[in-house]
Amino acid sequence: MKVLVTGGAGFIGSHVAEAYAAAGHEVVVVDNLSTGKAENLPPHIRLHPVDIRSPQLAEVFAAERPEVVNHHAAQISVNFSLREPRFDAEVNVLGSLNVIDCCLRHDVRKLVYISTGGAAVGEPRYLPVDEQHPVDPLSPYGCSKHTVEHYLYLFRKSAGLDYTVLRYPNVYGPRQDPHGEAGVVAIFSGLMLRGQPVRINGTGEQERDFIHVADLARANLLAVSAAAGEMYNVGTGVGTSVNEIFRVLAACTGYAQDPVHGPALPGEVFKIYLDSSKAERELGWRATVSLEEGLAETADWFRQRLAVAG
Ligand SMILES: NC(=O)c1ccc[n+]([C@@H]2O[C@H](COP(=O)([O-])OP(=O)(O)OC[C@H]3O[C@@H](n4cnc5c(N)ncnc54)[C@H](O)[C@@H]3O)[C@@H](O)[C@H]2O)c1
């Protein structure tokens, strides 16, 4: 099967592209390299350095004729979306509409759309957050990512588009940039390995659902054969505090300093974690990488990268 991964040169998309390739599929990537890097991909995965908003995207679809499209490309910074909501919408809404249009015109069998479970919900009304939880975004990013879910629903009804939505919580793992929604793991790892002070915003008791990128790569494989029009949370179901992340990473990196506590970030959700029982029931998926092993592997990756950088 031929799979086209948008955003496949990025942190999560590159792991997903590799997982499809390892499962025997032919994989091509579309990425404008705004945050992604060509070196995140092995040479056997072809990279088209194209913007998802551009008319060139249709040319890539015409040349490659993918059966499955996995849509990871996005403007992912919550802070940037607060400053530049128009740009955020151009990439995340209009870019996604271009992807959907190409899928419809080129007879793509399945579109897997990557959404967010964290940024779209706001402060949860109950925990864990399931797929029925009301949507109440606190940022243009949460709004733009969620908006595409409505378009998908619409194009399924009006044009028979077959799609599956995966809603991610906070993702961590090798290749993560310290700017994403789960940047805390990348930021703490880098600071600890350099022996620099680590600042925790607020009390550190705020909780998130931290999922290792390898677990998500597996969810993306399973999503290809999911029923059309379904949406799945893919998280651990467990809230982990930032203090706990600090403690485990400090143990992995041999960091002996205490954290410095700064003011809490305004507008930050206090506690959120996702109920992924639907994915377990219907896709046979659940998170398997423990926080300890996932953080140890991630810290090792950052250690090696620092060593190479000198
Ligand atoms: N990191 C998280 O914790 C998290 C949580 C929830 C959802 N997500 C979603 O996962 C996806 C991947 O995020 P990531 O953390 O790997 O970020 P990332 O920035 O590493 O990946 C995004 C990729 O998209 C590419 N891209 C951006 N704009 C583009 C455009 N206009 N045309 C073509 N390519 C473009 C970038 O170059 C990059 O390679 C995004 O859709 C994001 O919204 C991430």
# chains A, B, ... in the order shown; residues from 1 in each chain; ligands from 1
>>> residues_around(residues="Asn243 (chain A)", least_positions_apart="6", cutoff="8 Å", atoms="only C-alpha atoms", output="VMD selection string")
chain A and resid 200 204 to 205
>>> write_last_selection(atoms="C-alpha atoms", output="compact mmCIF listing (two decimals), in the first residue's frame")
# COMPACT_ATOMS: atom_id res chain seq x y z
CA ILE A 200 8.78 24.73 36.61
CA GLY A 204 4.29 21.65 39.10
CA GLU A 205 1.17 19.80 40.27
>>> residues_around(residues="Gly235 (chain A)", least_positions_apart="5", cutoff="6 Å", atoms="only C-alpha atoms", output="number ranges by chain")
A: 169, 211, 274, 276
>>> write_last_selection(atoms="C-alpha atoms", output="tab-separated table (two decimals), in the first residue's frame")
chain	number	residue	atom	x	y	z
A	169	PRO	CA	-2.50	14.24	24.21
A	211	ILE	CA	2.38	9.46	25.57
A	274	LEU	CA	-7.66	11.17	27.99
A	276	SER	CA	-8.78	5.94	25.29
>>> residues_near_ligand(ligand="ligand 1", cutoff="6 Å", atoms="only C-alpha atoms and all ligand atoms", output="PyMOL selection string")
chain A and resi 7-13+31-36+50-53+72-76+91+114-116+168-171+180-182
>>> write_last_selection(atoms="N, CA, C and O atoms", output="short mmCIF file (atom, residue, chain, number, x, y, z; two decimals), in the first residue's frame")
data_model
loop_
_atom_site.label_atom_id
_atom_site.label_comp_id
_atom_site.auth_asym_id
_atom_site.auth_seq_id
_atom_site.Cartn_x
_atom_site.Cartn_y
_atom_site.Cartn_z
N GLY A 7 3.71 16.33 6.83
CA GLY A 7 4.42 16.63 8.09
C GLY A 7 5.33 15.49 8.51
O GLY A 7 5.73 15.39 9.67
N GLY A 8 5.67 14.63 7.55
CA GLY A 8 6.44 13.42 7.85
C GLY A 8 7.91 13.65 8.17
O GLY A 8 8.61 12.72 8.56
N ALA A 9 8.39 14.90 7.99
CA ALA A 9 9.77 15.19 8.39
C ALA A 9 9.83 15.78 9.80
O ALA A 9 10.88 16.14 10.28
N GLY A 10 8.65 15.87 10.44
CA GLY A 10 8.58 16.42 11.79
C GLY A 10 8.80 15.36 12.86
O GLY A 10 9.08 14.19 12.55
N PHE A 11 8.66 15.78 14.09
CA PHE A 11 8.89 14.90 15.24
C PHE A 11 8.01 13.64 15.15
O PHE A 11 8.51 12.52 14.95
N ILE A 12 6.71 13.80 15.25
CA ILE A 12 5.83 12.62 15.30
C ILE A 12 5.70 11.98 13.91
O ILE A 12 5.79 10.76 13.75
N GLY A 13 5.51 12.85 12.88
CA GLY A 13 5.30 12.34 11.52
C GLY A 13 6.44 11.44 11.04
O GLY A 13 6.20 10.46 10.32
N ASP A 31 6.37 17.74 3.11
CA ASP A 31 6.71 18.58 4.27
C ASP A 31 7.43 19.83 3.75
O ASP A 31 8.33 19.73 2.94
N ASN A 32 7.02 21.00 4.25
CA ASN A 32 7.68 22.23 3.79
C ASN A 32 8.92 22.56 4.62
O ASN A 32 9.53 23.60 4.44
N LEU A 33 9.26 21.67 5.54
CA LEU A 33 10.49 21.78 6.35
C LEU A 33 10.52 23.07 7.18
O LEU A 33 11.60 23.57 7.50
N SER A 34 9.35 23.58 7.54
CA SER A 34 9.33 24.80 8.37
C SER A 34 9.82 24.47 9.78
O SER A 34 10.57 25.25 10.37
N THR A 35 9.43 23.33 10.33
CA THR A 35 10.01 22.86 11.60
C THR A 35 10.62 21.47 11.42
O THR A 35 11.45 21.06 12.22
N GLY A 36 10.19 20.76 10.40
CA GLY A 36 10.71 19.40 10.16
C GLY A 36 12.10 19.44 9.54
O GLY A 36 12.57 20.49 9.08
N VAL A 50 7.10 20.35 -0.17
CA VAL A 50 5.95 21.11 -0.68
C VAL A 50 5.09 21.58 0.49
O VAL A 50 4.95 20.88 1.49
N ASP A 51 4.50 22.76 0.34
CA ASP A 51 3.61 23.31 1.35
C ASP A 51 2.19 22.76 1.13
O ASP A 51 1.72 22.73 -0.02
N ILE A 52 1.53 22.36 2.20
CA ILE A 52 0.19 21.78 2.03
C ILE A 52 -0.82 22.81 1.53
O ILE A 52 -1.89 22.46 1.05
N ARG A 53 -0.48 24.10 1.62
CA ARG A 53 -1.41 25.13 1.14
C ARG A 53 -1.27 25.38 -0.36
O ARG A 53 -2.11 26.02 -0.97
N HIS A 72 -0.28 14.86 9.23
CA HIS A 72 0.35 15.40 10.44
C HIS A 72 0.80 16.85 10.29
O HIS A 72 1.07 17.50 11.29
N ALA A 73 0.94 17.36 9.06
CA ALA A 73 1.50 18.71 8.88
C ALA A 73 0.60 19.73 9.57
O ALA A 73 -0.62 19.72 9.40
N ALA A 74 1.21 20.63 10.33
CA ALA A 74 0.44 21.66 11.02
C ALA A 74 1.37 22.72 11.58
O ALA A 74 2.56 22.48 11.78
N GLN A 75 0.79 23.87 11.85
CA GLN A 75 1.40 24.88 12.71
C GLN A 75 1.08 24.38 14.11
O GLN A 75 -0.09 24.29 14.49
N ILE A 76 2.10 24.05 14.93
CA ILE A 76 1.79 23.35 16.18
C ILE A 76 1.97 24.19 17.45
O ILE A 76 1.73 23.69 18.54
N VAL A 91 -2.63 27.57 7.73
CA VAL A 91 -1.97 26.25 7.63
C VAL A 91 -2.93 25.16 8.09
O VAL A 91 -3.17 24.17 7.39
N ILE A 114 -4.76 13.99 12.18
CA ILE A 114 -4.24 14.09 13.54
C ILE A 114 -4.76 15.35 14.20
O ILE A 114 -4.49 16.47 13.76
N SER A 115 -5.51 15.14 15.28
CA SER A 115 -6.10 16.26 16.02
C SER A 115 -5.52 16.28 17.43
O SER A 115 -4.61 15.51 17.76
N THR A 116 -6.03 17.18 18.24
CA THR A 116 -5.51 17.29 19.60
C THR A 116 -6.62 17.03 20.62
O THR A 116 -7.74 17.51 20.45
N TYR A 168 -4.45 13.30 19.86
CA TYR A 168 -3.27 13.07 20.70
C TYR A 168 -3.33 13.91 21.96
O TYR A 168 -3.78 15.05 21.93
N PRO A 169 -2.77 13.37 23.06
CA PRO A 169 -2.50 14.24 24.21
C PRO A 169 -1.09 14.84 24.09
O PRO A 169 -0.71 15.28 23.00
N ASN A 170 -0.29 14.84 25.14
CA ASN A 170 1.08 15.40 25.09
C ASN A 170 2.06 14.32 24.69
O ASN A 170 2.22 13.33 25.40
N VAL A 171 2.70 14.54 23.57
CA VAL A 171 3.56 13.50 22.99
C VAL A 171 5.02 13.82 23.32
O VAL A 171 5.42 14.98 23.28
N GLY A 180 6.94 22.18 21.12
CA GLY A 180 5.61 21.58 20.92
C GLY A 180 4.76 21.61 22.17
O GLY A 180 5.13 22.21 23.18
N GLU A 181 3.61 20.95 22.08
CA GLU A 181 2.67 20.95 23.21
C GLU A 181 3.26 20.21 24.41
O GLU A 181 2.86 20.43 25.53
N ALA A 182 4.15 19.26 24.15
CA ALA A 182 4.74 18.52 25.27
C ALA A 182 6.20 18.87 25.41
O ALA A 182 7.02 18.07 25.82
#
>>> residues_around(residues="Ala264 (chain A)", least_positions_apart="3", cutoff="9 Å", atoms="only C-alpha atoms", output="short mmCIF file (atom, residue, chain, number, x, y, z; two decimals) with N, CA and C atoms, in the first residue's frame")
data_model
loop_
_atom_site.label_atom_id
_atom_site.label_comp_id
_atom_site.auth_asym_id
_atom_site.auth_seq_id
_atom_site.Cartn_x
_atom_site.Cartn_y
_atom_site.Cartn_z
N ILE A 200 10.12 25.31 36.72
CA ILE A 200 8.78 24.73 36.61
C ILE A 200 7.78 25.88 36.76
N ASN A 201 6.87 25.98 35.79
CA ASN A 201 5.85 27.03 35.87
C ASN A 201 4.80 26.63 36.91
N GLY A 202 4.60 27.48 37.92
CA GLY A 202 3.59 27.19 38.95
C GLY A 202 4.07 26.12 39.91
N THR A 203 3.10 25.41 40.52
CA THR A 203 3.46 24.44 41.55
C THR A 203 4.06 23.16 40.98
N GLY A 204 3.83 22.91 39.70
CA GLY A 204 4.29 21.65 39.10
C GLY A 204 3.29 20.52 39.33
N HIS A 261 10.85 27.28 40.91
CA HIS A 261 9.44 27.46 40.55
C HIS A 261 9.17 28.91 40.14
N GLY A 267 -3.79 31.02 31.55
CA GLY A 267 -4.57 30.31 30.53
C GLY A 267 -4.18 28.84 30.39
N GLU A 268 -3.32 28.35 31.27
CA GLU A 268 -2.92 26.94 31.14
C GLU A 268 -3.95 26.04 31.83
#
>>> residues_around(residues="Leu57 (chain A)", least_positions_apart="3", cutoff="12 Å", atoms="only C-alpha atoms", output="ChimeraX atom specification")
/A:4,6,29-32,48-54,60-65,95-103,105-106
>>> select_by_dssp(residues="region 70-185 of chain A", states="alpha helix (DSSP H)", output="PyMOL selection string")
chain A and resi 78-83+85-89+96-105+140-159+183-185
